[in-house]
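**Q** This is coords-v3.txt (compact mmCIF, C-alpha atoms).
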```txt
# COMPACT_ATOMS: atom_id res chain seq x y z
CA MET A 1 -102.26 -182.62 -114.46
CA LEU A 2 -102.60 -186.26 -115.48
CA LYS A 3 -106.18 -187.50 -115.04
CA TYR A 4 -106.03 -191.21 -114.36
CA ALA A 5 -109.79 -191.39 -113.72
CA ALA A 6 -110.41 -190.91 -117.44
CA LEU A 7 -108.60 -194.17 -118.09
CA LEU A 8 -110.80 -196.21 -115.77
CA THR A 9 -114.08 -197.84 -116.55
CA LEU A 10 -117.16 -196.83 -114.60
CA GLY A 11 -117.28 -200.26 -112.99
CA ALA A 12 -113.71 -200.01 -111.81
CA MET A 13 -114.37 -196.57 -110.34
CA ILE A 14 -117.33 -197.87 -108.38
CA ALA A 15 -115.19 -200.67 -106.99
CA MET A 16 -112.43 -198.35 -105.83
CA SER A 17 -112.06 -197.24 -102.23
CA PRO A 18 -112.70 -193.54 -101.48
CA LYS A 19 -108.96 -193.04 -101.02
CA ALA A 20 -108.16 -194.57 -104.40
CA ALA A 21 -110.93 -192.62 -106.11
CA LEU A 22 -109.49 -189.36 -104.81
CA ALA A 23 -105.96 -190.40 -105.76
CA ALA A 24 -107.08 -191.18 -109.31
CA ASP A 25 -107.38 -187.45 -109.96
CA VAL A 26 -103.90 -186.66 -108.63
CA ALA A 27 -100.88 -186.87 -110.91
CA PRO A 28 -98.16 -189.23 -109.68
CA ALA A 29 -95.17 -188.21 -107.60
CA ALA A 30 -91.47 -188.69 -108.32
CA LEU A 31 -88.64 -188.88 -105.81
CA ILE A 32 -85.25 -188.23 -107.39
CA ILE A 33 -82.62 -190.15 -105.47
CA ALA A 34 -79.38 -188.33 -104.63
CA GLN A 35 -75.78 -189.45 -105.06
CA GLY A 36 -75.09 -192.76 -103.36
CA GLY A 37 -78.39 -194.26 -104.49
CA LEU A 38 -80.85 -196.44 -102.67
CA GLY A 39 -79.32 -198.89 -100.23
CA ASP A 40 -77.17 -196.23 -98.54
CA GLY A 41 -78.79 -196.92 -95.17
CA SER A 42 -78.95 -193.16 -94.71
CA TRP A 43 -80.33 -190.10 -96.53
CA ASN A 44 -81.80 -191.76 -99.62
CA ASP A 45 -83.25 -194.77 -97.82
CA THR A 46 -84.79 -192.62 -95.08
CA ALA A 47 -86.41 -190.27 -97.60
CA ASN A 48 -87.70 -193.19 -99.66
CA ALA A 49 -89.29 -194.72 -96.56
CA GLY A 50 -91.27 -191.51 -96.07
CA PHE A 51 -92.08 -191.40 -99.78
CA GLN A 52 -93.46 -194.93 -99.79
CA ALA A 53 -95.45 -194.25 -96.62
CA GLY A 54 -96.94 -191.15 -98.21
CA LEU A 55 -97.98 -193.04 -101.32
CA GLU A 56 -99.50 -195.82 -99.26
CA ASN A 57 -101.42 -193.43 -97.00
CA THR A 58 -102.81 -191.29 -99.81
CA GLY A 59 -103.26 -193.87 -102.54
CA ILE A 60 -101.52 -191.77 -105.18
CA LYS A 61 -99.06 -193.33 -107.59
CA GLY A 62 -95.36 -192.59 -107.68
CA ARG A 63 -91.86 -194.00 -107.88
CA PRO A 64 -88.26 -193.18 -107.00
CA ILE A 65 -85.95 -192.26 -109.88
CA GLU A 66 -82.27 -193.17 -109.84
CA SER A 67 -79.47 -192.19 -112.22
CA LYS A 68 -75.82 -193.22 -112.48
CA ASP A 69 -74.90 -189.54 -112.79
CA VAL A 70 -77.65 -187.79 -110.91
CA ALA A 71 -75.55 -184.68 -110.26
CA ALA A 72 -74.62 -183.92 -113.88
CA GLN A 73 -77.94 -185.02 -115.36
CA GLY A 74 -80.13 -183.15 -112.91
CA GLU A 75 -81.93 -180.85 -115.33
CA GLU A 76 -82.54 -183.65 -117.82
CA ILE A 77 -83.89 -186.02 -115.15
CA MET A 78 -86.26 -183.42 -113.71
CA ARG A 79 -87.47 -182.26 -117.13
CA ARG A 80 -88.22 -185.84 -118.14
CA ALA A 81 -90.20 -186.32 -114.96
CA ALA A 82 -92.32 -183.26 -115.67
CA ASP A 83 -92.79 -184.23 -119.33
CA GLY A 84 -93.72 -187.73 -118.20
CA GLY A 85 -96.72 -186.49 -116.28
CA PHE A 86 -95.41 -186.41 -112.73
CA GLY A 87 -97.26 -183.68 -110.89
CA LEU A 88 -94.91 -183.65 -107.92
CA VAL A 89 -91.13 -183.80 -108.30
CA ILE A 90 -89.08 -184.10 -105.12
CA SER A 91 -85.30 -184.02 -105.44
CA LEU A 92 -82.96 -185.23 -102.73
CA GLU A 93 -79.88 -183.99 -104.61
CA TRP A 94 -78.51 -180.66 -103.39
CA ILE A 95 -76.99 -179.80 -106.78
CA HIS A 96 -80.48 -179.80 -108.34
CA GLY A 97 -81.51 -176.57 -106.64
CA GLU A 98 -80.51 -174.12 -109.34
CA PRO A 99 -81.88 -176.08 -112.33
CA MET A 100 -85.09 -176.82 -110.43
CA GLU A 101 -85.70 -173.12 -109.86
CA LYS A 102 -85.51 -172.59 -113.63
CA LEU A 103 -87.59 -175.63 -114.56
CA ALA A 104 -90.36 -174.73 -112.14
CA ALA A 105 -91.13 -171.66 -114.24
CA ASP A 106 -91.43 -173.84 -117.35
CA TYR A 107 -93.78 -176.29 -115.63
CA PRO A 108 -96.07 -174.14 -113.49
CA ASP A 109 -98.67 -176.89 -113.07
CA ALA A 110 -96.21 -179.21 -111.33
CA GLY A 111 -95.13 -179.02 -107.70
CA TRP A 112 -91.37 -178.98 -107.09
CA VAL A 113 -89.54 -179.76 -103.86
CA ILE A 114 -85.86 -179.19 -103.08
CA MET A 115 -84.10 -180.30 -99.93
CA ASN A 116 -81.53 -178.51 -97.76
CA GLN A 117 -81.76 -175.10 -99.42
CA THR A 118 -84.16 -172.30 -100.26
CA ARG A 119 -85.28 -171.69 -103.84
CA LYS A 120 -87.76 -169.22 -105.30
CA GLY A 121 -90.97 -170.04 -107.12
CA ASP A 122 -94.67 -170.12 -106.36
CA ASN A 123 -94.67 -173.84 -107.16
CA VAL A 124 -91.41 -174.62 -105.34
CA ALA A 125 -91.35 -175.88 -101.75
CA SER A 126 -88.02 -175.65 -99.94
CA VAL A 127 -87.29 -178.07 -97.11
CA VAL A 128 -84.60 -176.95 -94.68
CA PHE A 129 -83.28 -179.01 -91.80
CA GLY A 130 -81.26 -178.04 -88.74
CA GLU A 131 -78.38 -180.40 -89.53
CA HIS A 132 -75.99 -177.86 -88.04
CA GLU A 133 -77.92 -177.90 -84.75
CA GLY A 134 -77.98 -181.67 -84.45
CA SER A 135 -74.34 -181.89 -85.50
CA TYR A 136 -73.42 -179.34 -82.82
CA LEU A 137 -74.80 -181.73 -80.21
CA ALA A 138 -72.93 -184.66 -81.77
CA GLY A 139 -69.69 -182.65 -81.63
CA ALA A 140 -70.31 -181.65 -78.03
CA LEU A 141 -70.84 -185.28 -77.03
CA ALA A 142 -67.78 -186.47 -78.95
CA ALA A 143 -65.57 -183.79 -77.38
CA GLN A 144 -66.51 -184.94 -73.91
CA VAL A 145 -66.07 -188.64 -74.64
CA THR A 146 -62.80 -188.42 -76.60
CA THR A 147 -60.52 -187.96 -73.57
CA ASP A 148 -62.36 -190.22 -71.14
CA THR A 149 -60.09 -193.25 -71.03
CA SER A 150 -62.46 -195.02 -68.66
CA ILE A 151 -64.52 -195.74 -71.79
CA GLU A 152 -63.19 -198.72 -73.74
CA GLY A 153 -61.65 -197.73 -77.08
CA ILE A 154 -60.99 -194.11 -76.05
CA ASN A 155 -57.48 -192.67 -75.83
CA GLU A 156 -56.38 -189.58 -73.90
CA ASP A 157 -55.91 -187.41 -77.00
CA ALA A 158 -58.43 -184.65 -77.70
CA VAL A 159 -58.80 -185.72 -81.33
CA ILE A 160 -61.98 -186.54 -83.24
CA GLY A 161 -62.79 -186.67 -86.94
CA VAL A 162 -65.45 -186.18 -89.58
CA ILE A 163 -65.63 -187.47 -93.15
CA GLY A 164 -67.93 -185.78 -95.66
CA GLY A 165 -68.97 -187.09 -99.05
CA VAL A 166 -67.95 -183.94 -100.95
CA LYS A 167 -66.95 -180.42 -100.03
CA ALA A 168 -70.18 -178.49 -100.55
CA PRO A 169 -72.34 -176.22 -98.38
CA GLY A 170 -74.91 -178.98 -97.90
CA ILE A 171 -72.27 -181.26 -96.35
CA ASP A 172 -70.23 -178.57 -94.64
CA LYS A 173 -73.36 -177.49 -92.80
CA PHE A 174 -73.02 -180.72 -90.80
CA ILE A 175 -69.26 -180.46 -90.44
CA VAL A 176 -69.14 -176.86 -89.25
CA GLY A 177 -71.87 -177.49 -86.69
CA TYR A 178 -69.95 -180.53 -85.43
CA ILE A 179 -66.74 -178.56 -85.08
CA GLN A 180 -68.50 -175.68 -83.32
CA GLY A 181 -70.13 -178.02 -80.82
CA ALA A 182 -66.84 -179.79 -80.13
CA LYS A 183 -64.97 -176.53 -79.61
CA ALA A 184 -67.70 -175.24 -77.29
CA VAL A 185 -66.66 -178.07 -74.98
CA ASN A 186 -62.92 -177.92 -75.64
CA PRO A 187 -61.55 -174.97 -77.66
CA ASP A 188 -58.26 -176.81 -78.17
CA ILE A 189 -59.71 -180.01 -79.59
CA ASP A 190 -58.32 -181.24 -82.92
CA VAL A 191 -61.12 -182.04 -85.37
CA LYS A 192 -59.77 -183.81 -88.44
CA VAL A 193 -61.77 -183.20 -91.62
CA ALA A 194 -61.65 -185.18 -94.86
CA TYR A 195 -63.85 -185.76 -97.92
CA SER A 196 -64.36 -189.10 -99.64
CA GLU A 197 -65.53 -187.57 -102.96
CA SER A 198 -68.14 -190.31 -103.07
CA PHE A 199 -71.42 -191.23 -101.43
CA GLY A 200 -71.35 -194.86 -102.51
CA ASP A 201 -67.90 -196.30 -101.75
CA PRO A 202 -67.85 -198.11 -98.38
CA SER A 203 -64.33 -199.44 -99.00
CA LYS A 204 -62.96 -195.93 -99.33
CA GLY A 205 -64.84 -194.84 -96.24
CA GLN A 206 -63.33 -197.70 -94.26
CA GLN A 207 -59.82 -196.83 -95.41
CA MET A 208 -60.23 -193.13 -94.62
CA ALA A 209 -61.69 -193.79 -91.19
CA LYS A 210 -58.89 -196.23 -90.33
CA ALA A 211 -56.38 -193.54 -91.28
CA MET A 212 -58.07 -191.09 -88.90
CA PHE A 213 -58.09 -193.66 -86.12
CA ASP A 214 -54.37 -194.26 -86.75
CA GLU A 215 -53.81 -190.49 -86.40
CA GLY A 216 -55.29 -190.44 -82.90
CA ALA A 217 -58.99 -189.90 -83.49
CA ASP A 218 -61.21 -192.30 -81.59
CA ILE A 219 -64.56 -190.97 -82.84
CA VAL A 220 -65.36 -190.24 -86.52
CA TYR A 221 -68.62 -188.65 -87.70
CA GLN A 222 -69.77 -189.90 -91.08
CA VAL A 223 -71.55 -187.49 -93.44
CA ALA A 224 -71.02 -189.53 -96.59
CA GLY A 225 -74.13 -191.59 -97.31
CA GLY A 226 -73.31 -195.13 -98.42
CA THR A 227 -69.59 -194.43 -98.06
CA GLY A 228 -70.31 -193.98 -94.38
CA ILE A 229 -71.18 -197.65 -94.03
CA GLY A 230 -67.45 -198.30 -94.36
CA ILE A 231 -66.68 -195.70 -91.70
CA ILE A 232 -68.93 -197.55 -89.29
CA GLU A 233 -67.32 -200.87 -90.25
CA ALA A 234 -63.88 -199.35 -89.55
CA ALA A 235 -64.99 -198.22 -86.09
CA LYS A 236 -66.04 -201.76 -85.27
CA ALA A 237 -62.88 -203.32 -86.70
CA GLU A 238 -60.57 -200.88 -84.88
CA GLY A 239 -62.44 -200.93 -81.58
CA ARG A 240 -63.28 -197.23 -81.94
CA TYR A 241 -66.47 -195.22 -82.51
CA ALA A 242 -68.40 -193.76 -85.40
CA ILE A 243 -71.26 -191.27 -85.36
CA GLY A 244 -74.07 -192.13 -87.76
CA VAL A 245 -76.08 -189.71 -89.85
CA ASP A 246 -79.59 -189.07 -91.20
CA THR A 247 -81.12 -192.24 -89.77
CA ASP A 248 -80.49 -194.21 -86.58
CA GLN A 249 -77.41 -196.19 -87.60
CA ASP A 250 -76.54 -197.30 -84.06
CA GLY A 251 -77.52 -200.88 -84.85
CA MET A 252 -75.10 -201.19 -87.78
CA ALA A 253 -72.27 -201.86 -85.33
CA PRO A 254 -73.81 -202.09 -81.85
CA GLY A 255 -71.53 -200.55 -79.26
CA HIS A 256 -69.32 -198.87 -81.86
CA VAL A 257 -71.71 -196.17 -83.09
CA LEU A 258 -71.59 -193.60 -80.31
CA THR A 259 -74.76 -191.92 -81.52
CA SER A 260 -76.47 -190.96 -84.77
CA MET A 261 -77.52 -187.49 -85.86
CA ILE A 262 -81.02 -188.28 -87.08
CA LYS A 263 -82.52 -186.11 -89.78
CA ARG A 264 -86.24 -186.71 -90.25
CA VAL A 265 -86.41 -186.40 -94.00
CA ASP A 266 -88.92 -189.26 -93.95
CA VAL A 267 -91.35 -187.12 -91.98
CA ALA A 268 -90.83 -184.15 -94.30
CA VAL A 269 -91.39 -186.17 -97.48
CA GLU A 270 -94.47 -187.90 -96.12
CA ASP A 271 -95.94 -184.56 -95.01
CA ILE A 272 -95.40 -183.07 -98.45
CA ILE A 273 -97.07 -185.99 -100.23
CA THR A 274 -100.01 -185.86 -97.84
CA ASN A 275 -100.49 -182.14 -98.47
CA TYR A 276 -100.05 -182.59 -102.21
CA ALA A 277 -102.68 -185.33 -102.34
CA ALA A 278 -105.08 -183.08 -100.43
CA GLY A 279 -104.56 -180.22 -102.89
CA GLU A 280 -102.54 -178.23 -100.36
CA PHE A 281 -99.04 -178.32 -101.85
CA PRO A 282 -96.86 -175.80 -99.91
CA GLY A 283 -95.62 -173.95 -102.99
CA GLY A 284 -93.54 -170.86 -102.27
CA GLU A 285 -93.00 -171.94 -98.67
CA VAL A 286 -89.89 -172.82 -96.68
CA MET A 287 -90.48 -175.75 -94.36
CA ASN A 288 -88.13 -175.79 -91.37
CA PHE A 289 -87.27 -178.97 -89.48
CA GLY A 290 -84.79 -178.10 -86.72
CA LEU A 291 -84.29 -179.11 -83.10
CA ALA A 292 -87.36 -177.13 -82.06
CA GLN A 293 -89.53 -179.04 -84.55
CA ASN A 294 -87.93 -182.42 -83.74
CA GLY A 295 -86.68 -182.44 -87.32
CA VAL A 296 -83.20 -183.39 -86.12
CA ALA A 297 -82.07 -185.20 -82.98
CA LEU A 298 -79.45 -187.48 -81.55
CA SER A 299 -80.39 -191.14 -81.38
CA GLU A 300 -81.47 -192.86 -78.19
CA MET A 301 -78.00 -194.48 -77.98
CA LYS A 302 -79.48 -197.77 -76.82
CA HIS A 303 -76.18 -199.58 -77.43
CA THR A 304 -73.84 -196.97 -75.92
CA LYS A 305 -75.78 -194.94 -73.37
CA ASN A 306 -74.55 -197.17 -70.57
CA LEU A 307 -70.94 -196.37 -71.55
CA VAL A 308 -71.28 -192.59 -71.33
CA PRO A 309 -71.30 -190.74 -67.99
CA ALA A 310 -74.68 -189.15 -67.27
CA ALA A 311 -73.03 -185.74 -66.85
CA TYR A 312 -72.00 -185.75 -70.51
CA LEU A 313 -75.53 -186.43 -71.66
CA GLU A 314 -76.91 -183.81 -69.30
CA LYS A 315 -74.56 -181.24 -70.79
CA VAL A 316 -75.76 -182.13 -74.29
CA ASP A 317 -79.38 -181.82 -73.18
CA ALA A 318 -78.65 -178.39 -71.68
CA MET A 319 -77.03 -177.28 -74.92
CA LYS A 320 -80.05 -178.49 -76.87
CA ALA A 321 -82.34 -176.44 -74.64
CA ASP A 322 -80.14 -173.37 -75.14
CA ILE A 323 -80.17 -173.78 -78.93
CA VAL A 324 -83.96 -174.05 -78.97
CA ALA A 325 -84.22 -171.02 -76.67
CA GLY A 326 -81.90 -169.00 -78.89
CA LYS A 327 -79.15 -168.75 -76.28
CA ILE A 328 -76.69 -170.65 -78.49
CA ASP A 329 -76.37 -169.56 -82.11
CA VAL A 330 -75.16 -172.42 -84.28
CA TRP A 331 -73.41 -171.40 -87.48
CA ASP A 332 -75.37 -172.23 -90.64
CA VAL A 333 -73.10 -172.51 -93.69
CA SER A 334 -76.08 -172.56 -96.06
CA THR A 335 -77.15 -169.06 -95.07
CA GLU A 336 -74.08 -167.48 -93.45
CA GLY A 337 -71.20 -168.75 -95.56
CA TYR A 338 -68.09 -170.14 -93.92
CA PRO A 339 -66.86 -169.12 -90.47
CA ASP A 340 -63.27 -168.19 -89.64
CA PHE A 341 -62.81 -171.30 -87.50
CA PHE A 342 -63.33 -173.54 -90.55
CA ASN A 343 -60.44 -173.54 -93.02
```
Let me see the file written as structure tokens.
**A**
Amino acid sequence: MLKYAALLTLGAMIAMSPKAALAADVAPAALIIAQGGLGDGSWNDTANAGFQAGLENTGIKGRPIESKDVAAQGEEIMRRAADGGFGLVISLEWIHGEPMEKLAADYPDAGWVIMNQTRKGDNVASVVFGEHEGSYLAGALAAQVTTDTSIEGINEDAVIGVIGGVKAPGIDKFIVGYIQGAKAVNPDIDVKVAYSESFGDPSKGQQMAKAMFDEGADIVYQVAGGTGIGIIEAAKAEGRYAIGVDTDQDGMAPGHVLTSMIKRVDVAVEDIITNYAAGEFPGGEVMNFGLAQNGVALSEMKHTKNLVPAAYLEKVDAMKADIVAGKIDVWDVSTEGYPDFFN
């Protein structure tokens, strides 16, 4: 591992705080930003907030790494990070799982972290979230709201939508959970599904969401990173509703984001950096952040809670309790493949 202390003069070492002195012996950390880049107001930005907090709290050095083609260049980006002396490499890009598993064997002294999947390796930490569980609750709420015409902007049709960035297990984990939750409330509900094929194109997201609203949907869940900003803008422009993702996006269009399915990747990243700095990197472990661990949750709905009947929210809370208690089994695409109800 890189030894920064060797580069410092004795006088400088004496002047350092205890935190900085400890951090001087810890190789820097890298956070590889996923498709959509920083500024997405969602997955990447939330993870980077936790990353920066972890660096600040521990005193270790580090930086986020972006690439114009992060999916295709995954192995090259990660190898360069390891060759460049980064002792901790965290990737937010789902596609990096397979190459990371191979690279970890070539760089046994580095700690590797992959999100949203499980990979093998004594120096690989896998971080898994309960996106399907949180999305189930979002679907259950949407299914109740979508036919309640007493709520402004809602029509009588049992139609809702969801737009994913790409068709992949990491995205479909959200979508399938959303559909399952909606159908648990209304088995006959029509859930429209589309993919933007981009995580950084708000204009396309706005166009696709408008098309769904024109087809009768009054609530559209965005699982498309920066593209989702356009979905939220469309909800505001059309007088309809979006559901945010990863972070609390309710404030992006107050009153037009029904709720957000919050995914606490910031907490996970900060925890990993803290453990790494303390010499306790969780290599070989799978870290689970589901409903039971408060790793996922619906937002407080501070702009819309007054619009939604209390009975709807009570039903969602009861479903959450049943998921945590194991009474409701939410389908997990990442481990179970695809269910029959998802074409």
**Q** Excluding same-chain residues fewer than 3 positions from segment 174-177 of chain A, what lies within 8 Å of it counting only C-alpha atoms, as a PyMOL selection string?
**A** chain A and resi 131-136+139+162+164+170-171+180-181+223+330-333+342
**Q** Grab the residues selected above and save them as a PDB file, keeping the file's coordinate frame with C-alpha atoms.
**A**
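selection02.pdb, freshly written:
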```
ATOM      1  CA  GLU A 131     -78.380-180.400 -89.530  1.00  0.00           C
ATOM      2  CA  HIS A 132     -75.990-177.860 -88.040  1.00  0.00           C
ATOM      3  CA  GLU A 133     -77.920-177.900 -84.750  1.00  0.00           C
ATOM      4  CA  GLY A 134     -77.980-181.670 -84.450  1.00  0.00           C
ATOM      5  CA  SER A 135     -74.340-181.890 -85.500  1.00  0.00           C
ATOM      6  CA  TYR A 136     -73.420-179.340 -82.820  1.00  0.00           C
ATOM      7  CA  GLY A 139     -69.690-182.650 -81.630  1.00  0.00           C
ATOM      8  CA  VAL A 162     -65.450-186.180 -89.580  1.00  0.00           C
ATOM      9  CA  GLY A 164     -67.930-185.780 -95.660  1.00  0.00           C
ATOM     10  CA  GLY A 170     -74.910-178.980 -97.900  1.00  0.00           C
ATOM     11  CA  ILE A 171     -72.270-181.260 -96.350  1.00  0.00           C
ATOM     12  CA  GLN A 180     -68.500-175.680 -83.320  1.00  0.00           C
ATOM     13  CA  GLY A 181     -70.130-178.020 -80.820  1.00  0.00           C
ATOM     14  CA  VAL A 223     -71.550-187.490 -93.440  1.00  0.00           C
ATOM     15  CA  VAL A 330     -75.160-172.420 -84.280  1.00  0.00           C
ATOM     16  CA  TRP A 331     -73.410-171.400 -87.480  1.00  0.00           C
ATOM     17  CA  ASP A 332     -75.370-172.230 -90.640  1.00  0.00           C
ATOM     18  CA  VAL A 333     -73.100-172.510 -93.690  1.00  0.00           C
ATOM     19  CA  PHE A 342     -63.330-173.540 -90.550  1.00  0.00           C
TER      20      PHE A 342
END
```
**Q** With all atoms listed in the file as the atoms that count, which of A:Ile32, A:Leu291, A:Met261, A:Ala224 lies nearest to Leu88 of chain A?
**A**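 For Leu88 of chain A, the nearest of the given residues is A:Ile32.
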**Q** Kindly indicate which residue among A:His96, A:Lys327, A:Lys192, A:Lys61 lies nearest to Gly74 of chain A, using only C-alpha atoms for the distances.
**A**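 Answer, going by the shortest atom-to-atom distance: A:His96.
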**Q** When distances are computed from all atoms listed in the file, which of A:Ala310, A:Ala168, A:Val324, A:Leu55 shows the smallest separation from Asn294 of chain A?
**A**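 Smallest distance to Asn294 of chain A is found for A:Val324.
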**Q** Let me make sure I understand: among A:Val257, A:Ile163, A:Ile189, A:Ile243, which one has the smallest atom-to-atom distance to Gln207 of chain A if we use only C-alpha atoms?
**A**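 Going through A:Val257, A:Ile163, A:Ile189, A:Ile243 one by one, the smallest distance to Gln207 of chain A is for A:Ile163.
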**Q** Would you mind reading off the distance between atom CA of Lys236 of chain A and atom CA of Ile262 of chain A, one decimal, in Å?
**A**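 If I compute the distance from atom CA of Lys236 of chain A to atom CA of Ile262 of chain A, I get 20.2 Å.
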**Q** Do you know which residues are at most 10 Å from Pro108 of chain A counting only C-alpha atoms, after dropping those on the same chain fewer than 2 positions away, and could you put them as a list in words?
**A**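 What passes the distance filter is Gly87, Leu103, Ala104, Ala105, Asp106, Ala110, Gly111, Trp112, Gly121, Asp122, Asn123 and Val124 of chain A.
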**Q** Might you pull out every residue within 8 Å of Ile232 of chain A, with all atoms listed in the file counted and same-chain residues fewer than 4 positions away left off, and present them as an MDAnalysis selection string?
**A** chainID A and resid 206 222 228 236 241:244 252:253 256:257
**Q** Please report the interatomic distance between atom CA of Ile229 of chain A and atom CA of Asp248 of chain A in Å with one decimal.
**A** 12.4 Å
**Q** What gap, in Å, lies between atom CA of Glu233 of chain A and atom CA of Val191 of chain A?
**A** 20.4 Å
**Q** For a quick check of understanding, using all atoms listed in the file, which of A:Pro187, A:Gly205, A:Gly290, A:Gly216 has the smallest distance to Glu156 of chain A?
**A**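 Distance minimum relative to Glu156 of chain A lands on A:Gly216.
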**Q** Show me, as number ranges by chain, the residues that have an atom within 7 Å of Asn116 of chain A when counting all atoms listed in the file, minus same-chain residues fewer than 3 positions from it.
**A** A: 94, 127-129, 170
**Q** Go ahead and write the residues just picked, C-alpha atoms, as a JSON list (two decimals), keeping the file's coordinate frame.
**A**
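Generated output (result_36.json):
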```json
[["chain", "number", "residue", "atom", "x", "y", "z"],
["A", 94, "TRP", "CA", -78.51, -180.66, -103.39],
["A", 127, "VAL", "CA", -87.29, -178.07, -97.11],
["A", 128, "VAL", "CA", -84.60, -176.95, -94.68],
["A", 129, "PHE", "CA", -83.28, -179.01, -91.80],
["A", 170, "GLY", "CA", -74.91, -178.98, -97.90]]
```
